[in-house]
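Written below as structure tokens is the structure these notes are about.
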Amino acid sequence: MNRQASNIVITGFSGTGKSLVAREVAGQLGWDLIDTDAEIGKLAGKSIAEIFQQDGEGKFRELEREVIKRASRRSHKVIATGGGAIVDPQNHAQLARKGFIVCLDAKPETIYRRLFQKGSHGSEIRPLLEGDNPLERIRQLKARRQPYYDDVDLVINTDDLSIADVAGEVIRAWGLLCGVYPKRDSSVASLPQNDKKRRTRNDVAEDVACWVETATQRYPIFVGYGLLDKLGEELKKVSSSHVAIVISDENVSRLYGDRVEKGLRNAGFAVNSFIVPPGEETKSINTAIDIYNFLIKKRVERDDMLIALGGGMIGDLAGFVAATYLRGIPWIQVPTSLIAMVDASIGGKVAVNHPEGKNLIGAFYQPKFVLADTRALATLPECELTSGWAEVVKYGLILDKDFFEFLESNVDRLTKLEQGAVNEAIIRSASLKAQVVSQDEKERGQRIILNYGHTIAHGLEAATRYIGFLHGEAVAIGMMGAAKLSQRLGILPASVVKRQQSLLRKFGLPTAFFGVNLAEIAKATEVDKKTRAKGIRWVLLEDIGKTAIRASVPQQDVLAVLEELSQR
């Protein structure tokens with residue numbers, strides 16, 4: 001959906017709440033509402049029922065096409081259509097030209113209850129639903145229209161949602177499409193209104209921090225304390241198989257392996273686990289082959305579910321296997337490290353390393369969901385926890401000045417793992433990344449800004465054969481390099497460079513390196529995956545929350561910055 005949408009179109013079957021949701025959306029955005037049924041009545045000078053009775057459905061559809069044609073020419077309008085409007089190809093084309101089309105859906109039983117039972121909030125009964133068995137009529141008519149209802153930008157199931165919840169979801173999705181993000185209350189982690197409510201409930205399905213919506217997948221990111229115990233029940237909702245394969249490393253498996261397996265078995269899954277050595281050097285094509293052999297031996301089929309239980313290395317490795325085994329099997333991310341919770345598990349970038357560079361062999365392959373249990377952070381080694389804060393700081397630097405200031409004000413609370421502060425930081429980080437990924441799944445545009453600091457970081461990691469630095473440590477140094485390079489090119493004030501350095505140091509992160517050959521780092525950056533047309537695309541900073549992309553940075557400036565970073 002690479003387009004701008006100046007209208008929002010709400011369609012769907014009768015009784016799904018189209019008119020009420022459209023009115024709520026229009027009110028929140030301050031836009032005008034166009035209800036096509038109301039406009040048809042004005043144009044004909046009679047009610048919808050009278051048009052059907054006196055003139056027939058053909059006349060009604062003729063008037064409907066004219067009203068939709070007029071409405072579609074306008075901008076900044078919320079357009080609510082009748083349930084059959086979208087079936088007409090001419091109407092669909094008119095609405096899609098400038099509109100973001102949302103279909104509201106519900107089960108036939110829900111629709112029947114809303115339309116025919118007393119006390120429902122349903123709309124006027126449509127002529128096409130009249131008869132002795134309206135529920136069966138709903139089922140038949142809805143089934144015929146379903147292919148057209150599915151051919152839209154977004155489908156929202158309204159069975160268990162309030163009008164306000166649905167409207168919030170519509171506005172959030174439209175914002176993701178158009179790059180419009182309304183100002184949020186930072187105390188509730190920059191989430192849509194319906195997600196704020198859901199996070200107060202105990203059921204894991206309601207602990208949705210945010211959603212990732214790409215051309216290939218729509219999935220939730222769950223964030224909360226103690227969610228790991230509910231993994232099996234959540235998995236049942238997305239899996240058509242009763243077989244689960246857990247991929248983990250020795251350290252994480254020792255802490256959580258038995259607990260996860262027990263929970264999955266209690267939920268009705270047959271479980272097999274494959275455990276690999278910890279460390280970035282494990283993320284190789286040879287390890288992937290070992291996992292393929294295990295999956296073949298266990299006769300894993302295309303619908304069986306693969307679970308990545310661990311940090312970023314496990315997520316990358318297991319995701320790469322999921323993307324390539326049998327041309328793709330479903331998988332989920334269960335990150336246990338801070339860096340994985342806020343970054344590596346979100347967005348579907350999966351890969352293994354090559355001796356010439358990090359993540360050179362990989363794919364974009366989205367999981368079914370991400371489940372982050374923040375309780376796991378208490379068991380992380382201090383160096384791993386410290387490493388993770390680098391990616392959190394990065395989101396504030398590139399996307400959200402208010403979030404950066406939140407981090408500056410809450411360093412002590414965060415480093416002490418105070419639950420409220422930590423949950424907020426993770427949710428806000430995940431939400432920011434989800435917004436970017438949803439707009440640019442395959443890093444053709446805006447997603448590249450997430451690589452701030454990563455060009456030098458990956459060069460540093462490759463030059464030390466992935467054993468000299470933890471990833472977050474390398475990113476912190478890389479961000480200092482990118483900031484200093486931005487200052488050297490005259491686009492970033494020195495005061496911002498110092499402010500970034502100060503925050504990184506408060507989190508215990510390094511801002512320089514020692515004893516690494518500069519030529520090897522520079523060489524490694526040349527084969528980094530962010531190069532294009534034999535030139536590196538540098539993600540630089542103009543201010544906190546504002547990035548710039550440069551594809552022609554003088555090599556002497558890069559070397560000068562590397563030299564500066566290598567000094568005490």
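Starting from 1 in every chain, residues are counted up; chains themselves are A, B, ... following the order of the structure tokens, and ligands are numbered from 1 as listed.
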Next item on the list: Would you mind writing down, as an MDAnalysis selection string, each residue of stretch 138-297 of chain A that DSSP on the backbone assigns to strand (DSSP E or B)?
Entry: chainID A and resid 154:157 208:213 218:224 243:249 270:276
Could you list, as a PDB file with C-alpha atoms, in the first residue's frame, every residue within 7 Å of A:Phe507, counting only C-alpha atoms and ignoring same-chain residues fewer than 5 positions away?
```pdb
ATOM      1  CA  THR A 386      23.471  -2.985  29.187  1.00  0.00           C
ATOM      2  CA  TRP A 389      19.807  -0.179  26.074  1.00  0.00           C
ATOM      3  CA  VAL A 411      18.084   6.147  33.609  1.00  0.00           C
TER       4      VAL A 411
END
```
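Among A:Glu64, A:Asp258, A:Glu384, A:Asp290, the residue with the shortest atom-to-atom distance to A:Leu43, counting only C-alpha atoms, is A:Glu64.
Closest to A:Ile449 among A:Lys237, A:Leu414, A:Leu432, A:Asn423 is A:Leu432, based on only C-alpha atoms.
Nearest to A:Ile156 of all the residues A:Gly311, A:Gly263, A:Pro134, A:Gly168 is A:Gly168, based on only C-alpha atoms.
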Checklist line | Test item: residues at most 8 Å from stretch 362-371 of chain A, only C-alpha atoms, excluding those fewer than 3 positions along its chain, as a PyMOL selection string | finding: chain A and resi 216-223+227-228+231+238+319-320+323+330-335+345-352+359+441-442
Let me see the file: selected residues, C-alpha atoms, as a short mmCIF file (atom, residue, chain, number, x, y, z; two decimals), in the first residue's frame.
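Result written to result37.cif:
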```
data_model
loop_
_atom_site.label_atom_id
_atom_site.label_comp_id
_atom_site.auth_asym_id
_atom_site.auth_seq_id
_atom_site.Cartn_x
_atom_site.Cartn_y
_atom_site.Cartn_z
CA THR A 216 2.65 -10.09 3.84
CA GLN A 217 1.53 -10.32 7.47
CA ARG A 218 -0.35 -8.62 10.29
CA TYR A 219 0.71 -9.66 13.77
CA PRO A 220 0.69 -8.44 17.37
CA ILE A 221 3.56 -7.75 19.71
CA PHE A 222 2.72 -8.81 23.26
CA VAL A 223 4.65 -7.13 26.07
CA LEU A 227 3.44 -13.72 29.70
CA LEU A 228 5.65 -16.76 29.09
CA LEU A 231 2.46 -18.91 25.47
CA VAL A 238 -2.68 -19.01 15.36
CA GLY A 319 13.67 -17.24 11.54
CA PHE A 320 16.08 -17.98 8.69
CA ALA A 323 11.81 -18.95 6.04
CA PRO A 330 5.08 -20.59 10.44
CA TRP A 331 7.07 -19.31 13.39
CA ILE A 332 6.89 -17.03 16.41
CA GLN A 333 9.39 -14.94 18.32
CA VAL A 334 9.77 -15.30 22.09
CA PRO A 335 12.60 -12.86 22.85
CA SER A 345 12.34 -9.80 17.14
CA ILE A 346 10.29 -7.14 15.33
CA GLY A 347 10.08 -6.81 11.57
CA GLY A 348 10.91 -10.19 10.11
CA LYS A 349 14.56 -9.62 9.17
CA VAL A 350 16.16 -13.06 9.51
CA ALA A 351 19.66 -14.11 8.53
CA VAL A 352 22.88 -15.95 9.19
CA ASN A 359 23.60 -11.01 8.15
CA GLU A 441 8.75 -4.06 5.24
CA LYS A 442 11.76 -4.73 3.02
#
```
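The shortest atom-to-atom distance to A:Cys103, with only C-alpha atoms taken into account, belongs to A:Val155 out of A:Leu559, A:Val516, A:Leu141, A:Val155.
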Next item on the list: Take atom CA of A:Glu542 and atom CA of A:Leu338 and report the distance between them in Å, one decimal.
Entry: 27.2 Å
Note to self: When you look at A:Gly312 with a cut-off of 9 Å (counting only C-alpha atoms), what residues show up, excluding the ones that are within fewer than 3 positions of it in the same chain? I need them as a list of chain:residue names.
What the structure shows: A:Gly315, A:Asp316, A:Leu317, A:Pro335, A:Thr336, A:Ser337, A:Ile339, A:Ala340, A:Met341, A:Asp343, A:Ala344, A:Ser345
Residues from last step as file, N, CA and C atoms, as a PDB file, in the first residue's frame:
```pdb
ATOM      1  N   GLY A 315      16.679 -15.589  17.312  1.00  0.00           N
ATOM      2  CA  GLY A 315      15.608 -15.108  16.441  1.00  0.00           C
ATOM      3  C   GLY A 315      16.031 -15.066  14.992  1.00  0.00           C
ATOM      4  N   ASP A 316      17.228 -14.555  14.728  1.00  0.00           N
ATOM      5  CA  ASP A 316      17.740 -14.495  13.357  1.00  0.00           C
ATOM      6  C   ASP A 316      17.911 -15.890  12.769  1.00  0.00           C
ATOM      7  N   LEU A 317      18.533 -16.771  13.541  1.00  0.00           N
ATOM      8  CA  LEU A 317      18.831 -18.123  13.065  1.00  0.00           C
ATOM      9  C   LEU A 317      17.555 -18.934  12.863  1.00  0.00           C
ATOM     10  N   PRO A 335      11.306 -13.450  22.484  1.00  0.00           N
ATOM     11  CA  PRO A 335      12.604 -12.857  22.847  1.00  0.00           C
ATOM     12  C   PRO A 335      12.810 -12.844  24.359  1.00  0.00           C
ATOM     13  N   THR A 336      14.029 -13.155  24.787  1.00  0.00           N
ATOM     14  CA  THR A 336      14.335 -13.168  26.212  1.00  0.00           C
ATOM     15  C   THR A 336      15.392 -12.142  26.592  1.00  0.00           C
ATOM     16  N   SER A 337      15.945 -11.437  25.628  1.00  0.00           N
ATOM     17  CA  SER A 337      16.917 -10.376  25.921  1.00  0.00           C
ATOM     18  C   SER A 337      16.294  -9.025  25.600  1.00  0.00           C
ATOM     19  N   ILE A 339      17.598  -6.502  23.941  1.00  0.00           N
ATOM     20  CA  ILE A 339      17.848  -6.088  22.559  1.00  0.00           C
ATOM     21  C   ILE A 339      16.921  -6.823  21.593  1.00  0.00           C
ATOM     22  N   ALA A 340      16.570  -8.055  21.908  1.00  0.00           N
ATOM     23  CA  ALA A 340      15.642  -8.794  21.051  1.00  0.00           C
ATOM     24  C   ALA A 340      14.218  -8.282  21.220  1.00  0.00           C
ATOM     25  N   MET A 341      13.832  -7.945  22.456  1.00  0.00           N
ATOM     26  CA  MET A 341      12.474  -7.466  22.702  1.00  0.00           C
ATOM     27  C   MET A 341      12.170  -6.172  21.970  1.00  0.00           C
ATOM     28  N   ASP A 343      14.062  -4.803  19.372  1.00  0.00           N
ATOM     29  CA  ASP A 343      14.591  -4.628  18.011  1.00  0.00           C
ATOM     30  C   ASP A 343      14.577  -5.913  17.193  1.00  0.00           C
ATOM     31  N   ALA A 344      15.416  -6.873  17.566  1.00  0.00           N
ATOM     32  CA  ALA A 344      15.674  -8.007  16.677  1.00  0.00           C
ATOM     33  C   ALA A 344      14.443  -8.847  16.384  1.00  0.00           C
ATOM     34  N   SER A 345      13.496  -8.922  17.333  1.00  0.00           N
ATOM     35  CA  SER A 345      12.337  -9.795  17.140  1.00  0.00           C
ATOM     36  C   SER A 345      11.242  -9.158  16.294  1.00  0.00           C
TER      37      SER A 345
END
```
Note to self: Excluding A:Glu301 and its own-chain neighbours fewer than 5 positions away, which residues fall within 10 Å of it when counting only C-alpha atoms? Please give them as a VMD selection string.
What the structure shows: chain A and resid 241 243 295 to 296 325 to 326 329
Next item on the list: Excluding stretch 55-57 of chain A and any residue of its chain fewer than 4 positions from it, enumerate the residues within 12 Å of it, using only C-alpha atoms, and give them as a ChimeraX atom specification.
Entry: /A:44,46-51,61-64,84-85,126-128
Next item on the list: From stretch 356-481 of chain A, collect each residue whose DSSP state is helix (DSSP H, G or I) and return the set as number ranges by chain.
Entry: A: 374-379, 382-399, 401-409, 411-415, 419-439, 446-451, 454-463, 471-481
